[in-house]
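**Q** Next up, final-v4.csv (CSV, C-alpha atoms and all ligand atoms).
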```csv
chain,number,residue,atom,x,y,z
A,15,MET,CA,40.5,76.5,104.4
A,16,LYS,CA,39.2,78.6,107.4
A,17,LEU,CA,42.8,79.1,108.5
A,18,TRP,CA,43.6,80.5,105.1
A,19,ILE,CA,40.8,83.0,105.3
A,20,LEU,CA,41.9,84.1,108.8
A,21,TYR,CA,45.4,84.5,107.4
A,22,MET,CA,44.2,86.7,104.6
A,23,GLU,CA,42.1,88.8,107.0
A,24,ILE,CA,45.1,89.4,109.2
A,25,ILE,CA,47.2,90.5,106.2
A,26,GLU,CA,44.4,92.9,105.1
A,27,PHE,CA,44.1,94.3,108.7
A,28,LEU,CA,47.9,94.9,108.8
A,29,CYS,CA,47.9,96.6,105.3
A,30,ILE,CA,45.0,98.9,106.4
A,31,PHE,CA,46.8,99.6,109.7
A,32,VAL,CA,50.1,100.5,108.1
A,33,SER,CA,48.5,102.6,105.3
A,34,LYS,CA,46.4,104.5,107.8
A,35,LYS,CA,49.5,105.2,109.8
A,36,ILE,CA,51.3,106.5,106.7
A,37,ILE,CA,48.3,108.5,105.3
A,38,MET,CA,47.0,110.0,108.6
A,39,GLY,CA,50.5,111.3,109.5
A,40,PHE,CA,49.9,114.1,112.0
A,41,TYR,CA,47.7,114.3,115.1
A,42,SER,CA,44.4,116.2,114.7
A,43,ASP,CA,43.7,119.3,116.8
A,44,ASP,CA,41.4,117.2,119.1
A,45,GLU,CA,44.0,114.5,119.5
A,46,LEU,CA,46.6,117.1,120.4
A,47,LYS,CA,44.3,118.6,123.0
A,48,SER,CA,43.8,115.2,124.6
A,49,MET,CA,47.6,114.6,124.9
A,50,GLY,CA,48.0,116.9,127.9
A,51,PHE,CA,50.7,119.3,126.6
A,52,LEU,CA,51.5,122.4,128.6
A,53,HIS,CA,50.8,124.5,125.6
A,54,ILE,CA,50.0,123.7,121.9
A,55,GLY,CA,49.8,126.7,119.5
A,56,ARG,CA,47.9,127.0,116.2
A,57,ASN,CA,48.7,124.8,113.2
A,58,VAL,CA,51.1,122.5,115.1
A,59,LYS,CA,52.0,119.3,113.2
A,60,LEU,CA,53.2,116.4,115.3
A,61,SER,CA,53.8,113.0,113.6
A,62,LYS,CA,51.9,110.1,115.0
A,63,MET,CA,55.1,108.2,114.8
A,64,ALA,CA,56.9,110.5,117.2
A,65,GLN,CA,56.9,109.9,121.0
A,66,PHE,CA,56.3,112.5,123.7
A,67,TYR,CA,57.0,111.9,127.3
A,68,ASN,CA,55.9,114.1,130.2
A,69,THR,CA,53.7,116.2,127.9
A,70,GLY,CA,52.6,118.4,130.9
A,71,ASN,CA,56.1,119.9,130.7
A,72,ILE,CA,56.2,120.3,126.9
A,73,SER,CA,55.0,123.5,125.1
A,74,ILE,CA,55.0,123.8,121.3
A,75,ASP,CA,54.1,127.1,119.6
A,76,ASP,CA,52.4,128.0,116.3
A,77,ASN,CA,53.3,126.4,113.0
A,78,SER,CA,55.9,124.1,114.4
A,79,ARG,CA,56.4,120.6,113.0
A,80,ILE,CA,57.9,117.4,114.5
A,81,ASP,CA,58.5,114.5,112.1
A,82,ASP,CA,58.5,110.7,112.4
A,83,PHE,CA,60.5,108.8,115.0
A,84,CYS,CA,61.4,111.8,117.1
A,85,ILE,CA,61.5,111.4,120.8
A,86,LEU,CA,60.8,114.4,123.2
A,87,SER,CA,61.3,113.4,126.8
A,88,ALA,CA,60.9,116.3,129.1
A,89,GLY,CA,62.3,116.6,132.6
A,90,LYS,CA,61.2,118.9,135.4
A,91,SER,CA,62.3,122.0,133.6
A,92,GLY,CA,60.6,121.0,130.4
A,93,ILE,CA,60.9,121.4,126.7
A,94,LYS,CA,59.8,124.7,125.1
A,95,ILE,CA,59.5,124.9,121.3
A,96,GLY,CA,58.9,128.3,119.7
A,97,LYS,CA,57.1,129.3,116.5
A,98,ASN,CA,58.0,127.9,113.0
A,99,VAL,CA,60.4,125.3,114.5
A,100,HIS,CA,61.1,122.1,112.5
A,101,ILE,CA,62.4,118.9,114.1
A,102,ALA,CA,63.3,116.4,111.3
A,103,CYS,CA,62.9,112.6,111.6
A,104,TYR,CA,64.9,110.6,114.2
A,105,CYS,CA,65.8,113.5,116.5
A,106,SER,CA,65.8,113.2,120.2
A,107,LEU,CA,65.5,115.9,122.9
A,108,ILE,CA,66.1,114.3,126.3
A,109,GLY,CA,67.0,115.5,129.8
A,110,GLU,CA,66.1,116.9,133.2
A,111,ALA,CA,67.1,120.5,132.5
A,112,LEU,CA,65.4,122.9,130.2
A,113,ILE,CA,65.6,122.5,126.4
A,114,GLU,CA,64.4,125.5,124.4
A,115,MET,CA,64.2,126.0,120.7
A,116,HIS,CA,63.3,129.6,119.7
A,117,ASP,CA,61.4,130.7,116.7
A,118,PHE,CA,62.6,129.6,113.2
A,119,SER,CA,65.1,127.2,114.6
A,120,GLY,CA,65.5,123.6,113.4
A,121,LEU,CA,67.1,120.2,113.8
A,122,SER,CA,68.1,118.1,110.7
A,123,SER,CA,67.6,114.4,110.9
A,124,LYS,CA,69.2,112.3,113.7
A,125,VAL,CA,70.3,115.2,115.9
A,126,ALA,CA,70.5,114.4,119.6
A,127,VAL,CA,70.0,117.2,122.2
A,128,TYR,CA,70.8,116.3,125.8
A,129,SER,CA,70.1,118.5,128.8
A,130,SER,CA,71.4,115.7,131.1
A,131,SER,CA,74.4,113.5,130.7
A,132,ASP,CA,75.9,110.7,132.8
A,133,ASP,CA,79.4,111.0,134.5
A,134,TYR,CA,81.8,109.2,132.2
A,135,SER,CA,84.8,109.4,134.5
A,136,GLY,CA,84.3,106.1,136.2
A,137,LEU,CA,83.8,107.8,139.6
A,138,SER,CA,80.1,106.9,139.6
A,139,LEU,CA,77.6,104.4,138.2
A,140,THR,CA,75.7,105.3,135.1
A,141,ASN,CA,72.4,104.8,133.4
A,142,PRO,CA,68.7,105.1,134.4
A,143,THR,CA,68.4,101.6,135.9
A,144,VAL,CA,70.7,102.7,138.8
A,145,PRO,CA,69.4,104.8,141.8
A,146,SER,CA,70.6,108.4,141.8
A,147,LYS,CA,72.7,108.1,145.0
A,148,TYR,CA,75.3,106.0,142.9
A,149,LYS,CA,75.3,108.4,140.0
A,150,LYS,CA,76.5,112.0,139.2
A,151,VAL,CA,74.4,113.1,136.4
A,152,GLN,CA,75.2,116.5,134.9
A,153,ASN,CA,72.2,118.7,134.1
A,154,GLY,CA,72.3,121.9,132.2
A,155,ASN,CA,69.9,123.9,130.0
A,156,VAL,CA,70.3,123.8,126.2
A,157,ILE,CA,69.0,126.8,124.4
A,158,LEU,CA,68.8,127.2,120.7
A,159,GLN,CA,68.1,130.8,119.9
A,160,LYS,CA,66.2,132.2,116.9
A,161,HIS,CA,67.2,130.9,113.4
A,162,VAL,CA,69.6,128.3,114.7
A,163,ILE,CA,70.0,125.3,112.4
A,164,VAL,CA,71.7,122.1,113.4
A,165,GLY,CA,73.1,119.8,110.7
A,166,ALA,CA,72.3,116.1,110.5
A,167,MET,CA,73.6,113.6,113.1
A,168,SER,CA,75.0,116.3,115.4
A,169,VAL,CA,75.0,115.9,119.2
A,170,ILE,CA,74.5,118.8,121.6
A,171,LEU,CA,75.5,118.3,125.2
A,172,PRO,CA,74.1,120.0,128.4
A,173,ASN,CA,74.9,123.6,129.3
A,174,VAL,CA,75.0,124.9,125.7
A,175,THR,CA,73.5,128.0,124.2
A,176,ILE,CA,73.7,128.4,120.5
A,177,GLY,CA,73.4,132.1,119.7
A,178,THR,CA,70.8,133.7,117.4
A,179,GLY,CA,71.3,132.8,113.7
A,180,SER,CA,74.2,130.3,114.2
A,181,ALA,CA,74.4,127.1,112.2
A,182,ILE,CA,76.0,123.8,113.2
A,183,GLY,CA,77.6,121.7,110.5
A,184,ALA,CA,76.6,118.0,110.0
A,185,LEU,CA,78.2,115.5,112.3
A,186,SER,CA,79.3,118.0,114.9
A,187,LEU,CA,79.6,117.6,118.6
A,188,VAL,CA,78.6,120.8,120.4
A,189,THR,CA,80.2,120.9,123.9
A,190,LYS,CA,80.3,124.7,124.5
A,191,SER,CA,78.1,127.6,123.8
A,192,CYS,CA,78.3,129.3,120.3
A,193,GLU,CA,78.2,133.0,119.5
A,194,GLU,CA,75.6,134.6,117.3
A,195,PHE,CA,75.7,134.3,113.5
A,196,GLY,CA,78.5,131.8,113.2
A,197,ILE,CA,78.9,128.5,111.4
A,198,TYR,CA,80.4,125.9,113.7
A,199,ILE,CA,81.7,122.5,112.6
A,200,GLY,CA,83.6,119.5,113.9
A,201,ASN,CA,84.2,117.4,117.0
A,202,PRO,CA,84.3,119.3,119.2
A,203,ALA,CA,82.5,122.0,117.2
A,204,LYS,CA,84.6,125.1,116.5
A,205,PHE,CA,83.9,128.4,114.8
A,206,PHE,CA,84.3,127.9,111.0
A,207,LYS,CA,83.1,131.2,109.5
A,208,LYS,CA,80.4,133.9,109.8
A,209,ARG,CA,76.8,133.3,108.8
A,210,SER,CA,74.9,135.8,106.8
A,211,GLN,CA,72.3,138.0,108.7
A,212,ARG,CA,70.1,138.3,105.6
A,213,LEU,CA,67.6,135.9,107.3
A,214,ILE,CA,66.6,138.7,109.7
A,215,GLU,CA,65.3,140.8,106.8
A,216,LEU,CA,63.5,137.7,105.4
A,217,GLU,CA,61.9,137.2,108.7
A,218,LYS,CA,60.4,140.7,108.6
A,219,GLN,CA,59.3,140.2,105.0
A,220,PHE,CA,57.7,136.8,106.0
A,221,TYR,CA,55.7,138.4,108.9
A,222,THR,CA,54.6,141.3,106.7
A,223,GLU,CA,53.4,139.1,103.9
A,224,GLU,CA,51.8,136.4,106.1
A,225,ALA,CA,50.0,138.8,108.4
B,1,LIG,C1,79.0,123.4,107.6
B,1,LIG,C2,78.5,123.6,106.2
B,1,LIG,C3,77.3,124.5,106.2
B,1,LIG,C4,79.7,124.2,105.4
B,1,LIG,O1,79.3,124.4,104.1
B,1,LIG,P1,80.3,125.2,103.1
B,1,LIG,O2,80.5,126.6,103.6
B,1,LIG,O3,79.7,125.1,101.7
B,1,LIG,O4,81.7,124.5,103.3
B,1,LIG,P2,82.5,123.6,102.2
B,1,LIG,O5,81.7,122.5,101.6
B,1,LIG,O6,83.1,124.6,101.2
B,1,LIG,O7,83.7,123.0,103.1
B,1,LIG,C5,84.8,123.7,103.5
B,1,LIG,C6,85.7,122.8,104.3
B,1,LIG,O8,85.0,122.5,105.5
B,1,LIG,C7,84.9,121.0,105.6
B,1,LIG,N1,83.5,120.8,106.2
B,1,LIG,C8,82.3,121.1,105.7
B,1,LIG,N2,81.3,120.7,106.4
B,1,LIG,C9,81.9,120.1,107.5
B,1,LIG,C10,81.4,119.5,108.6
B,1,LIG,N3,80.0,119.4,108.8
B,1,LIG,N4,82.2,118.9,109.5
B,1,LIG,C11,83.5,119.0,109.3
B,1,LIG,N5,84.1,119.6,108.2
B,1,LIG,C12,83.3,120.1,107.3
B,1,LIG,C13,85.0,120.6,104.2
B,1,LIG,O9,85.4,119.2,104.1
B,1,LIG,C14,86.0,121.5,103.6
B,1,LIG,O10,87.3,121.1,104.0
B,1,LIG,P3,88.5,121.3,103.1
B,1,LIG,O11,88.7,122.8,102.9
B,1,LIG,O12,89.7,120.7,103.9
B,1,LIG,O13,88.2,120.6,101.8
B,1,LIG,C15,78.1,122.2,105.5
B,1,LIG,O14,79.2,121.5,105.1
B,1,LIG,C16,77.2,121.4,106.4
B,1,LIG,O15,77.6,120.6,107.3
B,1,LIG,N6,75.9,121.6,106.2
B,1,LIG,C17,74.9,120.8,107.0
B,1,LIG,C18,74.0,120.1,106.0
B,1,LIG,C19,73.0,119.2,106.6
B,1,LIG,O16,73.1,118.6,107.7
B,1,LIG,N7,71.8,119.1,105.9
B,1,LIG,C20,70.7,118.2,106.4
B,1,LIG,C21,69.4,118.6,105.8
B,1,LIG,S1,68.9,120.3,106.2
```
Show this structure as structure tokens.
Ligand SMILES: CC(C)(COP(=O)(O)OP(=O)(O)OC[C@H]1O[C@@H](n2cnc3c(N)ncnc32)[C@H](O)[C@@H]1OP(=O)(O)O)[C@@H](O)C(=O)NCCC(=O)NCCS
**A**
Amino acid sequence: MKLWILYMEIIEFLCIFVSKKIIMGFYSDDELKSMGFLHIGRNVKLSKMAQFYNTGNISIDDNSRIDDFCILSAGKSGIKIGKNVHIACYCSLIGEALIEMHDFSGLSSKVAVYSSSDDYSGLSLTNPTVPSKYKKVQNGNVILQKHVIVGAMSVILPNVTIGTGSAIGALSLVTKSCEEFGIYIGNPAKFFKKRSQRLIELEKQFYTEEA
């Protein structure tokens, strides 16, 4: 009988734990302050189900939001997130070199951004369990300029700058930098067509109305 009560109490505890996780959603301002970020702006929303490593090298500016199951793992050069940036669920930003996302940029679900990548040639060992003297990791900054949007399940490799206002189609592999205001698709990602610049006008309108 007692075991049955204990069993019910464990079930109740798990239900409360899960529902609290779901309802509570984002970290409070006090919780964000205690996490040791380099900088946290106003109205930043970080899911409690996302993971942040080396927070002392991560800065996140006003009104940005990071959703469930994202991983931000900053290296020495850090991760810098601008204003009104959205990172949808299951994204990862990982690497030693700098990763920057400028204002109004965004990642759709399951995008992987790498500022470090192992040597795949076979001339060196790979993976983080191996000391660096056996490896030849390539590090390179990844910069997503203003208004860049990256479609679902895309991969961005080191040494890539995506120019202001460009969009990357879903399921693309971005191996080289992209010019401004283009739409790029495919594996490897190639220029597909021009992207409208109307969003620049909308940005001005947004700042005027929200001021
Ligand atoms: C790239 C994209 C913006 C193009 O949209 P579009 O201009 O309406 O293009 P269309 O749908 O007319 O497709 C034109 C051609 O490109 C191909 N194409 C479109 N998107 C592609 C992609 N991501 N990768 C490869 N080919 C693609 C289409 O199959 C089509 O080929 P076809 O002419 O041989 O039939 C869109 O397809 C896309 O990938 N959007 C991202 C959506 C996303 O990730 N949303 C997540 C939530 S925000």
**Q** May I ask for the distance between CA of Ser130 (chain A) and CA of Asp81 (chain A), given in Å to one decimal place?
**A**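 These atoms are spaced 23.0 Å apart.
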**Q** Taking all atoms listed in the file into account, produce a table as JSON lines in which each residue of region 145-171 of chain A with an atom at most 12 Å from an atom of region 189-206 of chain A appears once, together with its shortest atom pair and the distance in Å to one decimal, ordered by chain and rising number.
**A**
```
{"residue": "A:Gly154", "atom": "CA", "partner": "A:Lys190", "partner_atom": "CA", "distance": 11.5}
{"residue": "A:Asn155", "atom": "CA", "partner": "A:Ser191", "partner_atom": "CA", "distance": 10.9}
{"residue": "A:Val156", "atom": "CA", "partner": "A:Ser191", "partner_atom": "CA", "distance": 9.0}
{"residue": "A:Ile157", "atom": "CA", "partner": "A:Ser191", "partner_atom": "CA", "distance": 9.2}
{"residue": "A:Leu158", "atom": "CA", "partner": "A:Cys192", "partner_atom": "CA", "distance": 9.7}
{"residue": "A:Gln159", "atom": "CA", "partner": "A:Glu194", "partner_atom": "CA", "distance": 8.8}
{"residue": "A:Lys160", "atom": "CA", "partner": "A:Glu194", "partner_atom": "CA", "distance": 9.7}
{"residue": "A:His161", "atom": "CA", "partner": "A:Phe195", "partner_atom": "CA", "distance": 9.2}
{"residue": "A:Val162", "atom": "CA", "partner": "A:Phe195", "partner_atom": "CA", "distance": 8.6}
{"residue": "A:Ile163", "atom": "CA", "partner": "A:Ile197", "partner_atom": "CA", "distance": 9.5}
{"residue": "A:Val164", "atom": "CA", "partner": "A:Tyr198", "partner_atom": "CA", "distance": 9.5}
{"residue": "A:Gly165", "atom": "CA", "partner": "A:Ile199", "partner_atom": "CA", "distance": 9.2}
{"residue": "A:Ala166", "atom": "CA", "partner": "A:Ile199", "partner_atom": "CA", "distance": 11.6}
{"residue": "A:Met167", "atom": "CA", "partner": "A:Gly200", "partner_atom": "CA", "distance": 11.6}
{"residue": "A:Ser168", "atom": "CA", "partner": "A:Gly200", "partner_atom": "CA", "distance": 9.3}
{"residue": "A:Val169", "atom": "CA", "partner": "A:Thr189", "partner_atom": "CA", "distance": 8.6}
{"residue": "A:Ile170", "atom": "CA", "partner": "A:Thr189", "partner_atom": "CA", "distance": 6.5}
{"residue": "A:Leu171", "atom": "CA", "partner": "A:Thr189", "partner_atom": "CA", "distance": 5.5}
```
**Q** Counting only C-alpha atoms, what is within 7 Å of Asn57 (chain A), bar same-chain residues fewer than 2 positions away, as number ranges by chain?
**A** A: 55, 59, 76-77
**Q** Please measure the separation of CA of Cys103 (chain A) and atom C16 of ligand LIG 1 (chain B), giving the value in Å to one decimal.
**A** 17.6 Å
**Q** Measuring between only C-alpha atoms and all ligand atoms, which one of A:Gly96, A:Gly177, A:Gly70, A:Gly120 shows the shortest distance to ligand LIG 1 (chain B)?
**A**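 Answer, going by the shortest atom-to-atom distance: A:Gly120.
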**Q** Which residues come within 9 Å of Leu86 (chain A), counting all atoms listed in the file, excluding same-chain residues fewer than 2 positions away, as an MDAnalysis selection string?
**A** chainID A and resid 64:69 72 84 88 93 105:108
**Q** So what do you get for CA of Phe220 (chain A) versus CA of Ser123 (chain A), distance-wise?
**A**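 Spanning CA of Phe220 (chain A) to CA of Ser123 (chain A) is a straight-line distance of 25.0 Å.
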**Q** Which residues, written as a ChimeraX atom specification, have at least one atom at most 9 Å from Lys97 (chain A), with only C-alpha atoms counted and residues fewer than 4 positions away on the same chain left out?
**A** /A:55,74-78,115-119
**Q** Would you output that residue set with C-alpha atoms, as a PDB file, in the coordinates of the input?
**A**
```pdb
ATOM      1  CA  GLY A  55      49.800 126.700 119.500  1.00  0.00           C
ATOM      2  CA  ILE A  74      55.000 123.800 121.300  1.00  0.00           C
ATOM      3  CA  ASP A  75      54.100 127.100 119.600  1.00  0.00           C
ATOM      4  CA  ASP A  76      52.400 128.000 116.300  1.00  0.00           C
ATOM      5  CA  ASN A  77      53.300 126.400 113.000  1.00  0.00           C
ATOM      6  CA  SER A  78      55.900 124.100 114.400  1.00  0.00           C
ATOM      7  CA  MET A 115      64.200 126.000 120.700  1.00  0.00           C
ATOM      8  CA  HIS A 116      63.300 129.600 119.700  1.00  0.00           C
ATOM      9  CA  ASP A 117      61.400 130.700 116.700  1.00  0.00           C
ATOM     10  CA  PHE A 118      62.600 129.600 113.200  1.00  0.00           C
ATOM     11  CA  SER A 119      65.100 127.200 114.600  1.00  0.00           C
TER      12      SER A 119
END
```
**Q** Report as AutoDock Vina command-line options the centre and the edge lengths, in Å to one decimal, of the axis-aligned box holding every listed atom of region 185-192 of chain A, padded by 5 Å on each side.
**A**
```
--center_x 79.2 --center_y 122.4 --center_z 118.4 --size_x 12.2 --size_y 23.8 --size_z 22.2
```
**Q** Name the closest residue to ligand LIG 1 (chain B) among the candidates A:Val144, A:Ile101, A:Leu139, A:Ile113; distances are taken between atoms, counting all atoms listed in the file.
**A** A:Ile101
**Q** With all atoms listed in the file as the basis for distance, which of A:Ser180, A:Ser42, A:Ser131, A:Ser138 is at the shortest distance from Val151 (chain A)?
**A**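 Smallest separation from Val151 (chain A) among the options: A:Ser131.
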**Q** Fix up region 158-181 of chain A with N, CA and C atoms, then write it as a PDB file, in the frame of the given file.
**A**
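Heads up, here's the output in part.pdb:
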```
ATOM      1  N   LEU A 158      68.573 126.859 122.061  1.00  0.00           N
ATOM      2  CA  LEU A 158      68.800 127.200 120.700  1.00  0.00           C
ATOM      3  C   LEU A 158      68.072 128.431 120.333  1.00  0.00           C
ATOM      4  N   GLN A 159      68.797 129.522 120.140  1.00  0.00           N
ATOM      5  CA  GLN A 159      68.100 130.800 119.900  1.00  0.00           C
ATOM      6  C   GLN A 159      67.564 130.892 118.509  1.00  0.00           C
ATOM      7  N   LYS A 160      66.938 132.047 118.205  1.00  0.00           N
ATOM      8  CA  LYS A 160      66.200 132.200 116.900  1.00  0.00           C
ATOM      9  C   LYS A 160      67.120 131.880 115.719  1.00  0.00           C
ATOM     10  N   HIS A 161      66.549 131.220 114.724  1.00  0.00           N
ATOM     11  CA  HIS A 161      67.200 130.900 113.400  1.00  0.00           C
ATOM     12  C   HIS A 161      68.391 130.009 113.500  1.00  0.00           C
ATOM     13  N   VAL A 162      68.537 129.310 114.603  1.00  0.00           N
ATOM     14  CA  VAL A 162      69.600 128.300 114.700  1.00  0.00           C
ATOM     15  C   VAL A 162      69.229 127.101 113.842  1.00  0.00           C
ATOM     16  N   ILE A 163      70.200 126.564 113.099  1.00  0.00           N
ATOM     17  CA  ILE A 163      70.000 125.300 112.400  1.00  0.00           C
ATOM     18  C   ILE A 163      71.091 124.340 112.736  1.00  0.00           C
ATOM     19  N   VAL A 164      70.720 123.099 113.020  1.00  0.00           N
ATOM     20  CA  VAL A 164      71.700 122.100 113.400  1.00  0.00           C
ATOM     21  C   VAL A 164      71.753 121.009 112.353  1.00  0.00           C
ATOM     22  N   GLY A 165      72.948 120.760 111.797  1.00  0.00           N
ATOM     23  CA  GLY A 165      73.100 119.800 110.700  1.00  0.00           C
ATOM     24  C   GLY A 165      72.926 118.357 111.179  1.00  0.00           C
ATOM     25  N   ALA A 166      72.675 117.499 110.200  1.00  0.00           N
ATOM     26  CA  ALA A 166      72.300 116.100 110.500  1.00  0.00           C
ATOM     27  C   ALA A 166      73.328 115.379 111.345  1.00  0.00           C
ATOM     28  N   MET A 167      72.802 114.556 112.227  1.00  0.00           N
ATOM     29  CA  MET A 167      73.600 113.600 113.100  1.00  0.00           C
ATOM     30  C   MET A 167      74.496 114.333 114.086  1.00  0.00           C
ATOM     31  N   SER A 168      74.213 115.582 114.387  1.00  0.00           N
ATOM     32  CA  SER A 168      75.000 116.300 115.400  1.00  0.00           C
ATOM     33  C   SER A 168      74.515 115.956 116.798  1.00  0.00           C
ATOM     34  N   VAL A 169      75.390 116.179 117.777  1.00  0.00           N
ATOM     35  CA  VAL A 169      75.000 115.900 119.200  1.00  0.00           C
ATOM     36  C   VAL A 169      75.282 117.240 119.964  1.00  0.00           C
ATOM     37  N   ILE A 170      74.307 117.634 120.768  1.00  0.00           N
ATOM     38  CA  ILE A 170      74.500 118.800 121.600  1.00  0.00           C
ATOM     39  C   ILE A 170      74.382 118.416 123.059  1.00  0.00           C
ATOM     40  N   LEU A 171      75.423 118.739 123.809  1.00  0.00           N
ATOM     41  CA  LEU A 171      75.500 118.300 125.200  1.00  0.00           C
ATOM     42  C   LEU A 171      74.961 119.393 126.152  1.00  0.00           C
ATOM     43  N   PRO A 172      74.732 119.055 127.457  1.00  0.00           N
ATOM     44  CA  PRO A 172      74.100 120.000 128.400  1.00  0.00           C
ATOM     45  C   PRO A 172      74.964 121.299 128.548  1.00  0.00           C
ATOM     46  N   ASN A 173      74.287 122.354 129.013  1.00  0.00           N
ATOM     47  CA  ASN A 173      74.900 123.600 129.300  1.00  0.00           C
ATOM     48  C   ASN A 173      75.413 124.349 128.032  1.00  0.00           C
ATOM     49  N   VAL A 174      74.652 124.251 126.976  1.00  0.00           N
ATOM     50  CA  VAL A 174      75.000 124.900 125.700  1.00  0.00           C
ATOM     51  C   VAL A 174      73.952 125.850 125.268  1.00  0.00           C
ATOM     52  N   THR A 175      74.360 127.065 124.915  1.00  0.00           N
ATOM     53  CA  THR A 175      73.500 128.000 124.200  1.00  0.00           C
ATOM     54  C   THR A 175      74.035 128.270 122.855  1.00  0.00           C
ATOM     55  N   ILE A 176      73.222 128.079 121.856  1.00  0.00           N
ATOM     56  CA  ILE A 176      73.700 128.400 120.500  1.00  0.00           C
ATOM     57  C   ILE A 176      73.010 129.733 120.127  1.00  0.00           C
ATOM     58  N   GLY A 177      73.866 130.727 119.878  1.00  0.00           N
ATOM     59  CA  GLY A 177      73.400 132.100 119.700  1.00  0.00           C
ATOM     60  C   GLY A 177      72.549 132.290 118.466  1.00  0.00           C
ATOM     61  N   THR A 178      71.754 133.355 118.490  1.00  0.00           N
ATOM     62  CA  THR A 178      70.800 133.700 117.400  1.00  0.00           C
ATOM     63  C   THR A 178      71.523 133.549 116.033  1.00  0.00           C
ATOM     64  N   GLY A 179      70.874 132.868 115.117  1.00  0.00           N
ATOM     65  CA  GLY A 179      71.300 132.800 113.700  1.00  0.00           C
ATOM     66  C   GLY A 179      72.543 131.961 113.467  1.00  0.00           C
ATOM     67  N   SER A 180      72.976 131.171 114.415  1.00  0.00           N
ATOM     68  CA  SER A 180      74.200 130.300 114.200  1.00  0.00           C
ATOM     69  C   SER A 180      73.747 128.983 113.562  1.00  0.00           C
ATOM     70  N   ALA A 181      74.685 128.382 112.816  1.00  0.00           N
ATOM     71  CA  ALA A 181      74.400 127.100 112.200  1.00  0.00           C
ATOM     72  C   ALA A 181      75.527 126.108 112.657  1.00  0.00           C
TER      73      ALA A 181
END
```
